[in-house]
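A short worksheet on the structure shown next.
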Amino acid sequence: MNAPATIPPPAGDPLAACRLCPRACGVNRRVGARGYCGAGVQPRIFRHGPHFGEEPPLSGTRGSGAVFFSHCTLRCLYCQNYPWSQQAQGEDLKTPQLTAIFRRLAEQGCHNWNLVSPTPWLPQIRAALAPLFQDGIRLPIVYNSSGFESPETLSSFRDLADIALVDLRYAAATTAAAASDCSRYVEAARETVAWFWQQLGPLSTDPAGVAVRGVICRVLVLPGHADEAVDSLSWLAQRLGTEIAVSVMSQYTPVYRARQTAGWDRRVTREEYGRVAAAVEELGFDNGWVQEYEEDGSPADLLGCTMPAGEAAVGRKNEEKGL
Ligand code: SF4
């Protein structure tokens with residue numbers, strides 16, 4: 001991990017002509033203009049605190065220090081976080097207040113700072129963390145992303161990512177356009193995963209099994225689109241190799257606009273999920289987790305991932321192999 005001081009700041013003020021994500025709206029958020037995501041100047045937070053629902057090396061025993069940022073660069077019709085990602089609920093904070101949140105998460109013993117959908121707020125996050133770094137307080141930073149990122153922004157803010165927790169949701173532009181209003185998602189997200197992989201490499205943990213660096217790629221299986229999840233896994237295996245940690249998730253629940261959208265108003269079937277889980281095995285991934293399939297449906301947990309610790313099918317496979 002590079003020390004923050006070694007990272008040159010981006011040229012100019014990113015908020016004065018916002019191109020933080022690939023939408024590249026170019027609006028001046030400093031004077032009240034809002035782009036596609038609707039984010040302003042003061043960081044808006046919906047919730048923060050120790051979070052135990054992430055993958056086991058992130059949650060550890062004391063929780064992942066999650067900060068759920070409001071606004072989003074996508075408009076997923078099934079978003080579990082829609083009250084704050086799509087409807088902008090949350091509280092506007094001044095920089096010292098955000099600093100205090102990060103400080104409190106560290107004092108609570110969280111294993112990391114988990115930035116959930118941070119892209120519109122990266123300059124403010126950097127400013128809020130700076131005083132803590134100066135005080136010698138530093139946790140691994142989890143960059144928790146949909147995958148829709150700009151390489152230029154990732155490069156400019158690479159000091160805010162020790163661990164990348166990044167999605168590959170679709171493999172077809174038509175699906176990404178229909179479900180997330182983002183026809184460019186596939187190429188952007190694949191580029192994002194490849195960029196993080198080149199920068200951070202495989203997931204590494206401390207002696208207690210807590211993540212300190214590396215990439216976890218999440219593949220959420222979507223109803224009617226299991227083949228796209230298989231395609232994403234195949235792309236990962238062919239382009240980046242099978243050492244990358246994958247987290248295959250069965251928890252899709254039709255919430256928000258998905259409840260009224262044909263095809264998206266149901267859970268993933270056991271057969272669909274089984275095809276994706278089988279691909280993980282067949283492609284030979286060595287690290288990661290395959291969430292178990294719950295017959296009676298997952299609860300609509302608005303905090304996102306509900307993967308319980310210890311249900312790591314790939315991890316079990318590695319144990320069987322003596323890894
Ligand atoms: S972060 Fe928001 S305002 Fe900035 S380019 Fe992306 S969508 Fe537009």
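We name chains A, B, ... following the order of the structure tokens; residues begin at 1 in each chain, and ligands are numbered from 1 as shown.
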Cut-off 6 Å, only C-alpha atoms and all ligand atoms, neighbours of ligand 1 as a ChimeraX atom specification: /A:18-21,23-25,34-37,39,73,120
Quick one: write out the picked residues with N, CA, C and O atoms as a short mmCIF file (atom, residue, chain, number, x, y, z; two decimals), in the first residue's frame?
```
data_model
loop_
_atom_site.label_atom_id
_atom_site.label_comp_id
_atom_site.auth_asym_id
_atom_site.auth_seq_id
_atom_site.Cartn_x
_atom_site.Cartn_y
_atom_site.Cartn_z
N CYS A 18 -17.48 17.37 -12.88
CA CYS A 18 -17.41 15.99 -12.37
C CYS A 18 -17.35 14.95 -13.50
O CYS A 18 -18.25 14.84 -14.33
N ARG A 19 -16.24 14.23 -13.47
CA ARG A 19 -16.07 13.06 -14.34
C ARG A 19 -15.57 11.89 -13.50
O ARG A 19 -14.75 11.08 -13.95
N LEU A 20 -16.08 11.83 -12.28
CA LEU A 20 -15.59 10.79 -11.37
C LEU A 20 -15.98 9.39 -11.82
O LEU A 20 -15.29 8.43 -11.53
N CYS A 21 -17.11 9.27 -12.51
CA CYS A 21 -17.49 7.96 -13.02
C CYS A 21 -17.60 8.06 -14.55
O CYS A 21 -17.53 9.15 -15.12
N ARG A 23 -19.95 8.15 -16.51
CA ARG A 23 -21.01 9.01 -17.06
C ARG A 23 -20.44 10.35 -17.50
O ARG A 23 -20.99 10.98 -18.41
N ALA A 24 -19.37 10.78 -16.81
CA ALA A 24 -18.65 12.00 -17.20
C ALA A 24 -19.60 13.17 -17.44
O ALA A 24 -19.56 13.83 -18.48
N CYS A 25 -20.44 13.47 -16.46
CA CYS A 25 -21.45 14.52 -16.62
C CYS A 25 -20.82 15.88 -16.88
O CYS A 25 -21.41 16.71 -17.58
N ARG A 34 -26.17 19.27 -10.45
CA ARG A 34 -26.18 17.84 -10.14
C ARG A 34 -26.14 17.05 -11.43
O ARG A 34 -26.83 17.38 -12.39
N GLY A 35 -25.34 16.01 -11.42
CA GLY A 35 -25.26 15.14 -12.58
C GLY A 35 -26.19 13.94 -12.44
O GLY A 35 -27.16 13.97 -11.66
N TYR A 36 -25.91 12.91 -13.17
CA TYR A 36 -26.77 11.74 -13.23
C TYR A 36 -27.04 11.16 -11.85
O TYR A 36 -28.16 10.76 -11.52
N CYS A 37 -26.01 11.09 -11.02
CA CYS A 37 -26.16 10.44 -9.70
C CYS A 37 -26.85 11.34 -8.69
O CYS A 37 -27.34 10.84 -7.66
N ALA A 39 -25.45 13.56 -6.76
CA ALA A 39 -24.61 13.88 -5.60
C ALA A 39 -24.21 15.35 -5.62
O ALA A 39 -23.94 15.91 -6.68
N THR A 73 -24.18 5.79 -9.17
CA THR A 73 -23.97 6.06 -10.59
C THR A 73 -24.75 5.07 -11.48
O THR A 73 -24.71 5.18 -12.70
N PRO A 120 -18.94 8.82 -6.20
CA PRO A 120 -19.19 10.27 -6.29
C PRO A 120 -18.54 11.08 -5.17
O PRO A 120 -18.53 12.31 -5.23
#
```
Surrounding residues of Gln124 (chain A) excluding itself and chain neighbours under 4 positions, 12 Å, only C-alpha atoms, as a count of residues only: 27
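Remark: for Pro202 (chain A), the closest of the candidate residues A:Ala177, A:Ala245, A:Ile125, A:Ile137 is A:Ala245 (distances computed over only C-alpha atoms).
The closest residue to Arg259 (chain A), picked from A:Trp113, A:Phe52, A:Trp289, A:Tyr78 and counting only C-alpha atoms, is A:Tyr78.
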Residues of region 79-321 of chain A in helix (DSSP H, G or I), written as an MDAnalysis selection string: chainID A and resid 82:85 95:107 119:134 151:156 158:160 173:180 185:200 226:239 256:260 270:283 313:320
Distance criterion (only C-alpha atoms): nearest to Gln198 (chain A) out of A:Ser183, A:Ser155, A:Thr174, A:Thr61: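 The shortest atom-to-atom distance to Gln198 (chain A) comes from A:Ser155.
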Shortest interatomic distance to Glu243 (chain A) - which of A:Asn287, A:Ser204, A:Gln260, A:Asn114, counting only C-alpha atoms: A:Asn287
For Pro50 (chain A), the nearest of the candidates A:Val219, A:Leu77, A:Cys110, A:Ala176, counting only C-alpha atoms: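 Smallest distance to Pro50 (chain A) is found for A:Cys110.
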